[in-house]
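File shown: run.cif. Contents: mmCIF, C-alpha atoms.
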data_entry
#
loop_
_atom_site.label_atom_id
_atom_site.label_comp_id
_atom_site.auth_asym_id
_atom_site.auth_seq_id
_atom_site.Cartn_x
_atom_site.Cartn_y
_atom_site.Cartn_z
CA MET J 1 307.14 73.41 147.97
CA SER J 2 303.62 72.07 147.85
CA GLY J 3 302.99 68.74 149.50
CA ALA J 4 302.36 67.21 152.87
CA THR J 5 303.60 68.55 156.18
CA ALA J 6 306.34 66.86 158.14
CA THR J 7 303.55 64.89 159.83
CA GLY J 8 301.91 64.17 156.46
CA ASP J 9 298.39 65.24 157.43
CA GLU J 10 297.72 68.56 155.65
CA PRO J 11 299.07 70.15 152.49
CA ILE J 12 301.71 72.88 152.70
CA LEU J 13 301.08 76.01 150.63
CA GLY J 14 304.65 77.17 151.19
CA THR J 15 306.90 78.56 153.87
CA SER J 16 307.88 81.92 155.31
CA ARG J 17 310.74 81.90 152.79
CA GLY J 18 308.60 81.37 149.68
CA ILE J 19 305.39 80.00 148.23
CA GLU J 20 304.76 78.02 145.08
CA ALA J 21 301.35 78.91 143.72
CA ALA J 22 298.88 76.43 142.26
CA ASP J 23 299.66 77.83 138.80
CA GLY J 24 303.37 77.08 139.27
CA ARG J 25 304.50 80.64 139.94
CA ARG J 26 306.94 81.02 142.83
CA TYR J 27 306.77 83.88 145.29
CA ALA J 28 309.71 84.60 147.56
CA PHE J 29 310.08 86.81 150.61
CA ALA J 30 313.27 88.87 150.67
CA ASP J 31 315.53 88.27 153.66
CA HIS J 32 314.68 90.57 156.53
CA HIS J 33 315.67 91.34 160.11
CA CYS J 34 312.60 90.06 162.04
CA PHE J 35 313.70 88.62 165.40
CA ALA J 36 311.49 85.54 164.95
CA CYS J 37 311.52 84.68 161.23
CA GLY J 38 314.18 86.89 159.68
CA ALA J 39 317.28 85.23 158.27
CA THR J 40 319.50 88.30 158.69
CA ASN J 41 319.13 88.83 162.45
CA PRO J 42 322.22 87.30 164.12
CA SER J 43 320.46 87.22 167.52
CA GLY J 44 317.14 85.96 166.18
CA MET J 45 315.31 82.67 166.14
CA ARG J 46 315.46 82.33 162.30
CA LEU J 47 312.24 80.34 162.14
CA GLU J 48 311.02 78.88 158.88
CA ILE J 49 307.25 78.69 159.05
CA GLU J 50 305.25 76.06 157.11
CA LEU J 51 302.08 77.62 155.73
CA GLY J 52 298.88 75.64 155.25
CA GLU J 53 295.20 76.35 154.80
CA ALA J 54 294.38 78.74 157.70
CA ARG J 55 297.33 77.43 159.70
CA ALA J 56 301.05 77.81 160.27
CA ARG J 57 303.61 75.50 161.88
CA THR J 58 307.28 75.50 162.77
CA GLU J 59 309.84 73.47 164.66
CA TRP J 60 312.70 75.03 166.60
CA ILE J 61 315.42 74.04 169.04
CA ALA J 62 316.35 76.77 171.51
CA GLY J 63 319.95 77.18 172.51
CA ASP J 64 321.42 78.45 175.77
CA ASP J 65 321.13 82.05 174.52
CA PHE J 66 317.34 81.86 175.03
CA VAL J 67 317.39 80.76 178.67
CA GLY J 68 315.63 82.67 181.42
CA TRP J 69 315.53 81.46 184.99
CA SER J 70 316.94 78.10 186.13
CA ASP J 71 318.06 76.76 182.73
CA LYS J 72 314.58 76.95 181.22
CA ILE J 73 313.63 78.72 178.00
CA HIS J 74 312.44 82.23 178.79
CA GLY J 75 308.64 82.56 178.73
CA GLY J 76 308.87 85.57 176.42
CA ILE J 77 310.69 83.44 173.86
CA VAL J 78 307.98 80.76 174.09
CA ALA J 79 305.37 83.53 173.65
CA THR J 80 307.28 84.83 170.60
CA LEU J 81 307.28 81.35 169.06
CA LEU J 82 303.53 81.08 169.66
CA ASP J 83 302.82 84.61 168.38
CA GLU J 84 304.81 83.98 165.20
CA VAL J 85 302.82 80.91 164.10
CA MET J 86 299.55 82.59 165.08
CA ALA J 87 300.42 85.71 163.06
CA TRP J 88 301.40 83.65 159.99
CA ALA J 89 298.25 81.44 160.16
CA PRO J 90 296.07 83.95 158.18
CA SER J 91 298.53 83.82 155.25
CA SER J 92 296.29 81.51 153.23
CA PHE J 93 293.83 84.42 153.05
CA ASP J 94 296.61 86.46 151.36
CA SER J 95 296.68 88.43 154.59
CA TRP J 96 299.57 90.12 156.36
CA ALA J 97 298.40 90.08 159.96
CA VAL J 98 299.74 91.73 163.10
CA THR J 99 298.92 90.98 166.71
CA ALA J 100 296.02 92.99 168.12
CA GLU J 101 295.78 90.99 171.36
CA MET J 102 297.16 87.71 172.59
CA SER J 103 296.93 85.59 175.72
CA VAL J 104 299.27 82.77 176.69
CA ARG J 105 298.85 80.03 179.24
CA TYR J 106 302.07 78.26 180.18
CA ARG J 107 301.68 74.56 180.94
CA SER J 108 305.21 73.17 181.27
CA PRO J 109 308.74 74.57 181.07
CA ALA J 110 310.93 73.97 178.03
CA SER J 111 314.65 73.32 178.23
CA PRO J 112 317.48 74.27 175.86
CA GLY J 113 318.05 71.53 173.29
CA GLU J 114 314.42 70.36 173.21
CA ARG J 115 312.72 70.38 169.82
CA LEU J 116 309.66 72.62 170.10
CA VAL J 117 306.76 72.32 167.65
CA ALA J 118 304.47 75.34 167.38
CA GLU J 119 301.23 75.52 165.44
CA GLY J 120 298.64 78.26 164.94
CA ARG J 121 295.16 77.91 163.40
CA VAL J 122 292.59 80.48 162.32
CA THR J 123 289.32 79.66 164.08
CA ASP J 124 287.25 82.64 162.92
CA ARG J 125 287.47 85.54 160.48
CA ARG J 126 285.45 88.73 160.46
CA ARG J 127 286.58 91.05 157.69
CA ARG J 128 290.21 91.81 158.54
CA ILE J 129 290.10 90.41 162.10
CA TYR J 130 291.32 86.83 162.53
CA THR J 131 290.78 84.83 165.72
CA VAL J 132 293.64 82.38 166.06
CA THR J 133 294.59 79.66 168.54
CA GLY J 134 297.96 78.04 168.94
CA GLU J 135 300.12 75.76 170.97
CA VAL J 136 303.74 74.87 171.56
CA ARG J 137 304.64 71.26 172.30
CA THR J 138 307.80 69.23 172.59
CA SER J 139 308.44 66.70 169.82
CA ASP J 140 307.14 63.97 172.16
CA GLY J 141 303.84 65.87 172.60
CA ARG J 142 304.27 67.53 176.01
CA LEU J 143 302.28 70.79 176.06
CA ILE J 144 304.51 73.80 176.79
CA ALA J 145 302.08 76.66 176.15
CA GLU J 146 298.77 77.42 174.50
CA GLY J 147 297.39 80.71 173.39
CA SER J 148 294.73 82.61 171.56
CA GLY J 149 294.59 85.99 169.99
CA ARG J 150 293.09 88.38 167.53
CA TYR J 151 295.16 89.43 164.54
CA LEU J 152 294.51 92.37 162.26
CA GLY J 153 295.05 91.91 158.54
CA ALA J 154 296.61 94.73 156.53
CA THR J 155 294.46 96.95 154.33
CA PRO J 156 294.89 96.45 150.57
CA SER J 157 297.21 99.47 150.33
CA GLN J 158 299.23 98.36 153.37
CA LYS J 159 299.47 94.85 151.91
CA ALA J 160 300.75 96.21 148.58
CA ALA J 161 303.38 98.24 150.43
CA LEU J 162 304.43 95.22 152.49
CA LYS J 163 304.74 93.03 149.41
CA ASP J 164 306.91 95.70 147.82
CA ARG J 165 309.03 96.11 150.98
CA TYR J 166 309.64 92.37 151.33
CA GLY J 167 310.10 91.77 147.62
CA VAL J 168 307.11 89.46 147.21
CA THR J 169 306.79 89.12 143.48
CA ALA J 170 306.36 86.22 141.11
CA ALA J 171 309.05 85.28 138.64
CA ASP J 172 307.01 87.17 136.01
CA GLY J 173 307.13 90.32 138.16
CA SER J 174 303.45 90.32 139.12
CA THR J 175 302.24 91.09 142.63
CA THR J 176 298.74 89.68 142.31
CA PRO J 177 297.30 87.74 145.27
CA ILE J 178 299.29 84.60 145.81
CA ALA J 179 297.55 81.83 143.89
CA GLY J 180 296.61 78.86 146.02
CA THR J 181 295.42 81.29 148.68
CA ARG J 182 291.93 82.65 149.11
CA GLY J 183 292.74 86.36 148.84
CA GLU J 184 290.90 88.97 150.88
#

Please render this file's structure as structure tokens.
Amino acid sequence: MSGATATGDEPILGTSRGIEAADGRRYAFADHHCFACGATNPSGMRLEIELGEARARTEWIAGDDFVGWSDKIHGGIVATLLDEVMAWAPSSFDSWAVTAEMSVRYRSPASPGERLVAEGRVTDRRRRIYTVTGEVRTSDGRLIAEGSGRYLGATPSQKAALKDRYGVTAADGSTTPIAGTRGE
């Protein structure tokens, strides 16, 4: 899984489906029902997020089921796409982060069938609080939305429970911090 991104500019640590550690161990996330990134939600977006150093990225094509007014993708769906990459961006810190606050500025409407590229980047970290920025663009670079937010990382005990819940273990059964990440 390690290697360059689709654009070839930064290394990928893994994806929202699994991570291959620097020591060769593989960590996988069990399928789950998350609306944005879960594979088992029949109504969901089923995003696969590329994870990099203090960043996350995904590409997605919305269908007609995600339309709001006047054949445009609903703004809440665009916000969900943005929130998802911003929440995954702290993953390289071995952090499981949730949204504490988020603001979105919409720049241009998106239409069904357009390939949307979303990216989030950690810009600051203070203990368990991550400041993250993000944007959603079309594949030709048109800016759809940009956002910023603060994300709260799980406590060590919460993180252990989350790893257990989502089946994040190495092939050897260990649940140590994911190698290739910085840990907390």

Legend entry - Near-J:Val117 list (9 Å; only C-alpha atoms; drop same-chain fewer than 4 positions) as a ChimeraX atom specification: /J:57-61,135-139,141

Inset, instruction - Apply the PyMOL selection byres ((chain J and resi 87) around 10) to the displayed file and report the matching residues as a PyMOL selection string. - result: chain J and resi 55-56+82-86+88-91+95-100+120-122+130+132+134+149-153

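Each of J:Thr80, J:Lys163, J:Asp65, J:Phe93 was compared to J:Asp124 using only C-alpha atoms, and J:Phe93 turns out to be the nearest.
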
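Counting from atom CA of J:Met102, the distance to atom CA of J:Asp64 is 26.2 Å.
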
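Closest approach to J:Val104 among J:Leu162, J:Cys34, J:Ala54, J:Ala79: J:Ala79, based on all atoms listed in the file.
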
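Put simply, the PyMOL selection byres ((chain J and resi 70-78) around 7) on this file hits Phe66, Val67, Gly68, Trp69, Ala79, Thr80, Leu81, Leu82, Pro109, Ala110, Ser111 and Pro112 of chain J.
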
Expected axis-aligned box over every listed atom of stretch 49-64 of chain J, 6 Å added per side, centre plus edges in Å to one decimal, as JSON:
{"center_x": 307.9, "center_y": 76.1, "center_z": 165.3, "size_x": 39.0, "size_y": 17.3, "size_z": 33.0}

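With distances restricted to all atoms listed in the file, J:Thr123 is the closest residue to J:Glu53 from J:Tyr106, J:Thr131, J:Glu101, J:Thr123.
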
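What separates atom CA of J:Leu143 from atom CA of J:Arg115 is a distance of 12.2 Å.
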
Legend entry - Computed interatomic separation between atom CA of J:Gln158 and atom CA of J:Thr133 (Å): 24.5 Å
